[in-house]
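Here is the structure we will look at, set down as structure tokens.
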Amino acid sequence: MYKVLAPKSCKDSAETLEAYMNNMRNVDEEVRINWGFSAFNNPKNVNYKGNLISAVTKSVNKWITFNELGLFCVPLVKTKEDFNDTAVQHTVEGGMAGKGVRLVHPAADKFDPDILTTKFIEGDEFRVYFAYGKVLGIAQKAKLYDKAHPWIKTPDNGWGYSMIHDEPVTGLFDLFADGVNEVTKKIGLKYGAVDLIMEKGTCITYILEVNSAPCLFDSKLAESMAQAIVDNEEI
């Protein structure tokens, strides 16, 4: 049988994925699938199919992600001289559901080169789910209530993801394909999700974050992810 192993914070999606996979194929031996374990939280003596520990480790460390993906990511604020407008500070690891993000401004905050800081970009945010080089689905950040924070689009500030199921999603698949391919090539993830922002006015798209164990809140998406893993992982 398939056993999808994940940290506690990712258990719900892992259990959903596991159920779909076991309905799709009967497997005599236990096949362990990695859903979010890195070198930082990997139980000892556990071997996985799916994403390599090394790839997940790269994805959870934002310094590595930004350095590996370079120009595909939101521009870094690297020096005090660059810190001349509103910027965004990030926790390097963790910070789930946007809890590791805060806005800073030179008028009120000091620049710290040890903190990962990026340019603030206003625009629409998307989560692109992928597996084995193919885009499976796209979700867009949407307001959960009218008085949601206009810029910090986290659950605590009134924002959540909503799957895009209508016609425009076809064009977005092509638009976001380069970012997905870059994550597969340079980070090494076989499956996961990429968070992107499309800048208001220019429509330039930047990578915000890479997820090795994204929330599978949509049943069709979870089924597609399960099918991709079953079809591509040799037993």
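Going by the structure tokens order, chains are called A, B, ..., each with residues numbered from 1, while ligands are numbered from 1 in the order shown.
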
Write out as a ChimeraX atom specification the residues lying within 12 Å of A:Phe83, counting only C-alpha atoms and excluding same-chain residues fewer than 6 positions away.
/A:75-77,89,104-113,117-120

Cut-off 9 Å: closest stretch 26-76 of chain A/stretch 201-212 of chain A atom pairs per residue, using only C-alpha atoms, as CSV:
```
residue,atom,partner,partner_atom,distance
A:Trp35,CA,A:Ser212,CA,6.8
A:Gly36,CA,A:Ser212,CA,5.3
A:Phe37,CA,A:Ser212,CA,8.4
A:Asn51,CA,A:Ser212,CA,8.0
A:Ala55,CA,A:Ser212,CA,8.5
A:Val56,CA,A:Ser212,CA,5.9
A:Ser59,CA,A:Val210,CA,5.6
A:Val60,CA,A:Asn211,CA,7.3
A:Lys62,CA,A:Glu209,CA,7.4
A:Thr65,CA,A:Val210,CA,7.4
A:Phe66,CA,A:Glu209,CA,8.5
A:Leu69,CA,A:Ile207,CA,8.5
A:Leu71,CA,A:Tyr206,CA,8.2
A:Phe72,CA,A:Tyr206,CA,5.6
A:Cys73,CA,A:Ile207,CA,4.3
A:Val74,CA,A:Tyr206,CA,5.2
A:Pro75,CA,A:Tyr206,CA,8.4
```

Output N, CA and C atoms of each residue in that selection to a file, as a short mmCIF file (atom, residue, chain, number, x, y, z; two decimals), in the first residue's frame.
```cif
data_model
loop_
_atom_site.label_atom_id
_atom_site.label_comp_id
_atom_site.auth_asym_id
_atom_site.auth_seq_id
_atom_site.Cartn_x
_atom_site.Cartn_y
_atom_site.Cartn_z
N TRP A 35 5.99 13.75 1.42
CA TRP A 35 5.15 14.94 1.28
C TRP A 35 5.62 15.99 2.29
N GLY A 36 6.81 16.57 2.03
CA GLY A 36 7.25 17.70 2.85
C GLY A 36 8.37 17.44 3.83
N PHE A 37 8.99 16.25 3.81
CA PHE A 37 10.11 16.01 4.72
C PHE A 37 11.42 16.46 4.08
N ASN A 51 9.53 13.10 -4.01
CA ASN A 51 10.51 14.17 -3.87
C ASN A 51 11.71 13.73 -3.03
N ALA A 55 15.87 17.97 -2.43
CA ALA A 55 15.03 18.95 -3.15
C ALA A 55 14.10 19.67 -2.19
N VAL A 56 13.51 18.94 -1.26
CA VAL A 56 12.61 19.56 -0.28
C VAL A 56 13.41 20.52 0.60
N SER A 59 13.80 23.73 -1.13
CA SER A 59 12.55 24.49 -1.27
C SER A 59 12.13 25.18 0.02
N VAL A 60 12.47 24.60 1.18
CA VAL A 60 12.02 25.20 2.44
C VAL A 60 12.96 26.30 2.93
N LYS A 62 14.43 29.69 2.03
CA LYS A 62 14.18 30.74 1.05
C LYS A 62 15.46 31.36 0.50
N THR A 65 16.28 29.04 -2.27
CA THR A 65 15.30 29.20 -3.34
C THR A 65 15.60 30.44 -4.19
N PHE A 66 15.80 31.57 -3.52
CA PHE A 66 16.02 32.83 -4.26
C PHE A 66 17.35 32.81 -5.01
N LEU A 69 16.92 30.28 -8.10
CA LEU A 69 15.98 30.69 -9.15
C LEU A 69 16.27 32.08 -9.70
N LEU A 71 16.55 35.43 -11.30
CA LEU A 71 15.68 36.45 -11.87
C LEU A 71 14.21 36.04 -11.91
N PHE A 72 13.92 34.76 -11.72
CA PHE A 72 12.52 34.34 -11.71
C PHE A 72 11.81 34.78 -10.42
N CYS A 73 12.59 35.09 -9.38
CA CYS A 73 12.01 35.45 -8.08
C CYS A 73 11.82 36.96 -7.94
N VAL A 74 11.02 37.34 -6.95
CA VAL A 74 10.89 38.75 -6.59
C VAL A 74 12.29 39.29 -6.28
N PRO A 75 12.66 40.47 -6.79
CA PRO A 75 14.02 41.00 -6.59
C PRO A 75 14.36 41.16 -5.10
#
```

Between atom CA of A:Tyr129 and atom CA of A:Gly192, what is the spacing in Å?
5.9 Å

When you draw a straight line from atom CA of A:Ala193 to atom CA of A:Ala39, how long is it in Å?
19.3 Å

Among stretch 13-232 of chain A, which residues carry a DSSP assignment of helix (DSSP H, G or I), reported as a PDB file with C-alpha atoms, in the first residue's frame?
```pdb
ATOM      1  CA  SER A  13      -3.397  16.760   2.512  1.00  0.00           C
ATOM      2  CA  ALA A  14      -1.153  13.713   2.914  1.00  0.00           C
ATOM      3  CA  GLU A  15      -4.062  11.564   4.097  1.00  0.00           C
ATOM      4  CA  THR A  16      -6.246  12.750   1.200  1.00  0.00           C
ATOM      5  CA  LEU A  17      -3.480  11.999  -1.284  1.00  0.00           C
ATOM      6  CA  GLU A  18      -2.852   8.590   0.232  1.00  0.00           C
ATOM      7  CA  ALA A  19      -6.513   7.592  -0.027  1.00  0.00           C
ATOM      8  CA  TYR A  20      -6.673   8.508  -3.711  1.00  0.00           C
ATOM      9  CA  MET A  21      -3.428   6.688  -4.498  1.00  0.00           C
ATOM     10  CA  ASN A  22      -4.497   3.458  -2.828  1.00  0.00           C
ATOM     11  CA  ASN A  23      -7.801   3.535  -4.725  1.00  0.00           C
ATOM     12  CA  MET A  24      -5.895   3.905  -7.985  1.00  0.00           C
ATOM     13  CA  ILE A  53      15.047  15.012   0.718  1.00  0.00           C
ATOM     14  CA  SER A  54      17.644  17.287  -0.917  1.00  0.00           C
ATOM     15  CA  ALA A  55      15.034  18.947  -3.146  1.00  0.00           C
ATOM     16  CA  VAL A  56      12.610  19.559  -0.276  1.00  0.00           C
ATOM     17  CA  THR A  57      15.477  21.001   1.785  1.00  0.00           C
ATOM     18  CA  LYS A  58      16.204  23.508  -0.989  1.00  0.00           C
ATOM     19  CA  SER A  59      12.546  24.489  -1.271  1.00  0.00           C
ATOM     20  CA  VAL A  60      12.017  25.195   2.441  1.00  0.00           C
ATOM     21  CA  LYS A  62      14.182  30.745   1.045  1.00  0.00           C
ATOM     22  CA  TRP A  63      17.805  31.897   0.745  1.00  0.00           C
ATOM     23  CA  ILE A  64      18.521  28.806  -1.345  1.00  0.00           C
ATOM     24  CA  THR A  65      15.304  29.198  -3.340  1.00  0.00           C
ATOM     25  CA  PHE A  66      16.020  32.828  -4.255  1.00  0.00           C
ATOM     26  CA  ASN A  67      19.663  32.150  -5.092  1.00  0.00           C
ATOM     27  CA  GLU A  68      18.871  29.100  -7.234  1.00  0.00           C
ATOM     28  CA  LEU A  69      15.984  30.689  -9.148  1.00  0.00           C
ATOM     29  CA  GLY A  70      17.566  34.122  -9.532  1.00  0.00           C
ATOM     30  CA  LEU A  71      15.677  36.455 -11.865  1.00  0.00           C
ATOM     31  CA  PHE A  72      12.517  34.341 -11.709  1.00  0.00           C
ATOM     32  CA  MET A  96       3.627  28.776   7.085  1.00  0.00           C
ATOM     33  CA  ALA A  97       0.489  30.540   5.864  1.00  0.00           C
ATOM     34  CA  GLY A  98       2.334  33.835   5.527  1.00  0.00           C
ATOM     35  CA  PRO A 155      -5.094  33.972   6.089  1.00  0.00           C
ATOM     36  CA  ASP A 156      -4.724  36.051   9.263  1.00  0.00           C
ATOM     37  CA  ASN A 157      -5.339  39.166   7.158  1.00  0.00           C
ATOM     38  CA  VAL A 169      -6.896  29.118 -16.622  1.00  0.00           C
ATOM     39  CA  THR A 170      -5.766  27.661 -19.987  1.00  0.00           C
ATOM     40  CA  GLY A 171      -3.762  30.764 -20.815  1.00  0.00           C
ATOM     41  CA  LEU A 172      -2.337  30.943 -17.286  1.00  0.00           C
ATOM     42  CA  PHE A 173      -0.972  27.394 -17.646  1.00  0.00           C
ATOM     43  CA  ASP A 174       1.212  28.577 -20.515  1.00  0.00           C
ATOM     44  CA  LEU A 175       2.110  31.850 -18.788  1.00  0.00           C
ATOM     45  CA  PHE A 176       3.360  30.128 -15.622  1.00  0.00           C
ATOM     46  CA  ALA A 177       5.028  27.134 -17.318  1.00  0.00           C
ATOM     47  CA  ASP A 178       8.520  28.690 -17.361  1.00  0.00           C
ATOM     48  CA  GLY A 179       8.499  29.240 -13.599  1.00  0.00           C
ATOM     49  CA  VAL A 180       7.389  25.656 -12.976  1.00  0.00           C
ATOM     50  CA  ASN A 181      10.068  24.283 -15.286  1.00  0.00           C
ATOM     51  CA  GLU A 182      12.728  26.353 -13.535  1.00  0.00           C
ATOM     52  CA  VAL A 183      11.661  24.988 -10.125  1.00  0.00           C
ATOM     53  CA  THR A 184      11.754  21.410 -11.444  1.00  0.00           C
ATOM     54  CA  LYS A 185      15.201  21.925 -12.970  1.00  0.00           C
ATOM     55  CA  LYS A 186      17.002  23.995 -10.315  1.00  0.00           C
ATOM     56  CA  ILE A 187      15.263  23.016  -7.063  1.00  0.00           C
ATOM     57  CA  SER A 219     -10.748  17.221  -4.591  1.00  0.00           C
ATOM     58  CA  LYS A 220     -10.075  17.323  -8.345  1.00  0.00           C
ATOM     59  CA  LEU A 221      -6.610  18.735  -7.703  1.00  0.00           C
ATOM     60  CA  ALA A 222      -5.835  16.083  -5.069  1.00  0.00           C
ATOM     61  CA  GLU A 223      -6.927  13.336  -7.453  1.00  0.00           C
ATOM     62  CA  SER A 224      -4.745  14.744 -10.252  1.00  0.00           C
ATOM     63  CA  MET A 225      -1.726  14.956  -7.939  1.00  0.00           C
ATOM     64  CA  ALA A 226      -2.270  11.377  -6.756  1.00  0.00           C
ATOM     65  CA  GLN A 227      -2.595  10.095 -10.329  1.00  0.00           C
ATOM     66  CA  ALA A 228       0.608  11.854 -11.384  1.00  0.00           C
ATOM     67  CA  ILE A 229       2.605  10.285  -8.537  1.00  0.00           C
ATOM     68  CA  VAL A 230       1.175   6.808  -9.169  1.00  0.00           C
ATOM     69  CA  ASP A 231       1.934   7.076 -12.886  1.00  0.00           C
ATOM     70  CA  ASN A 232       5.477   8.406 -12.535  1.00  0.00           C
TER      71      ASN A 232
END
```

Once DSSP has gone over the backbone, tell me which residues of stretch 40-152 of chain A are in strand (DSSP E or B), as a ChimeraX atom specification.
/A:49-50,73,76,87-90,101-104,116-119,123-131,134-143

Residue selection dump (C-alpha atoms) as an mmCIF file, in the first residue's frame:
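Written output follows (part16.cif):
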```cif
data_model
loop_
_atom_site.group_PDB
_atom_site.id
_atom_site.type_symbol
_atom_site.label_atom_id
_atom_site.label_comp_id
_atom_site.auth_asym_id
_atom_site.auth_seq_id
_atom_site.Cartn_x
_atom_site.Cartn_y
_atom_site.Cartn_z
ATOM 1 C CA LYS A 49 9.734 7.657 -3.252
ATOM 2 C CA GLY A 50 8.727 10.965 -4.807
ATOM 3 C CA CYS A 73 12.009 35.452 -8.082
ATOM 4 C CA LEU A 76 16.079 40.916 -3.390
ATOM 5 C CA ALA A 87 9.977 46.111 1.230
ATOM 6 C CA VAL A 88 9.050 42.668 2.572
ATOM 7 C CA GLN A 89 10.977 40.701 5.188
ATOM 8 C CA HIS A 90 10.710 36.894 5.222
ATOM 9 C CA VAL A 101 6.145 37.909 6.289
ATOM 10 C CA ARG A 102 6.083 41.576 7.306
ATOM 11 C CA LEU A 103 6.251 44.911 5.525
ATOM 12 C CA VAL A 104 9.136 47.264 6.336
ATOM 13 C CA LEU A 116 15.834 37.925 3.686
ATOM 14 C CA THR A 117 14.294 41.098 2.257
ATOM 15 C CA THR A 118 12.577 41.526 -1.096
ATOM 16 C CA LYS A 119 11.064 44.335 -3.082
ATOM 17 C CA GLY A 123 -0.389 42.516 -7.803
ATOM 18 C CA ASP A 124 -2.437 39.332 -8.045
ATOM 19 C CA GLU A 125 -1.079 36.234 -6.307
ATOM 20 C CA PHE A 126 -1.417 32.681 -7.594
ATOM 21 C CA ARG A 127 -0.481 29.179 -6.483
ATOM 22 C CA VAL A 128 0.470 26.887 -9.357
ATOM 23 C CA TYR A 129 0.278 23.162 -8.596
ATOM 24 C CA PHE A 130 2.561 20.959 -10.670
ATOM 25 C CA ALA A 131 3.784 17.375 -10.980
ATOM 26 C CA LYS A 134 3.047 19.502 -15.895
ATOM 27 C CA VAL A 135 0.776 22.179 -14.405
ATOM 28 C CA LEU A 136 -2.141 20.461 -12.643
ATOM 29 C CA GLY A 137 -4.139 23.449 -11.467
ATOM 30 C CA ILE A 138 -4.013 27.104 -10.471
ATOM 31 C CA ALA A 139 -5.491 28.843 -7.441
ATOM 32 C CA GLN A 140 -5.724 32.607 -6.942
ATOM 33 C CA LYS A 141 -5.583 34.586 -3.704
ATOM 34 C CA ALA A 142 -9.013 36.004 -2.944
ATOM 35 C CA LYS A 143 -10.507 38.079 -0.133
#
```

Selected residue, from A:Asn84, A:Lys11, A:Pro214, A:Leu5, that lies nearest to A:Val46 when counting only C-alpha atoms
A:Leu5

Quick one: pull the distance between atom CA of A:Cys215 and atom CA of A:Cys10, Å, one decimal.
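Separating atom CA of A:Cys215 from atom CA of A:Cys10 is a distance of 7.2 Å.
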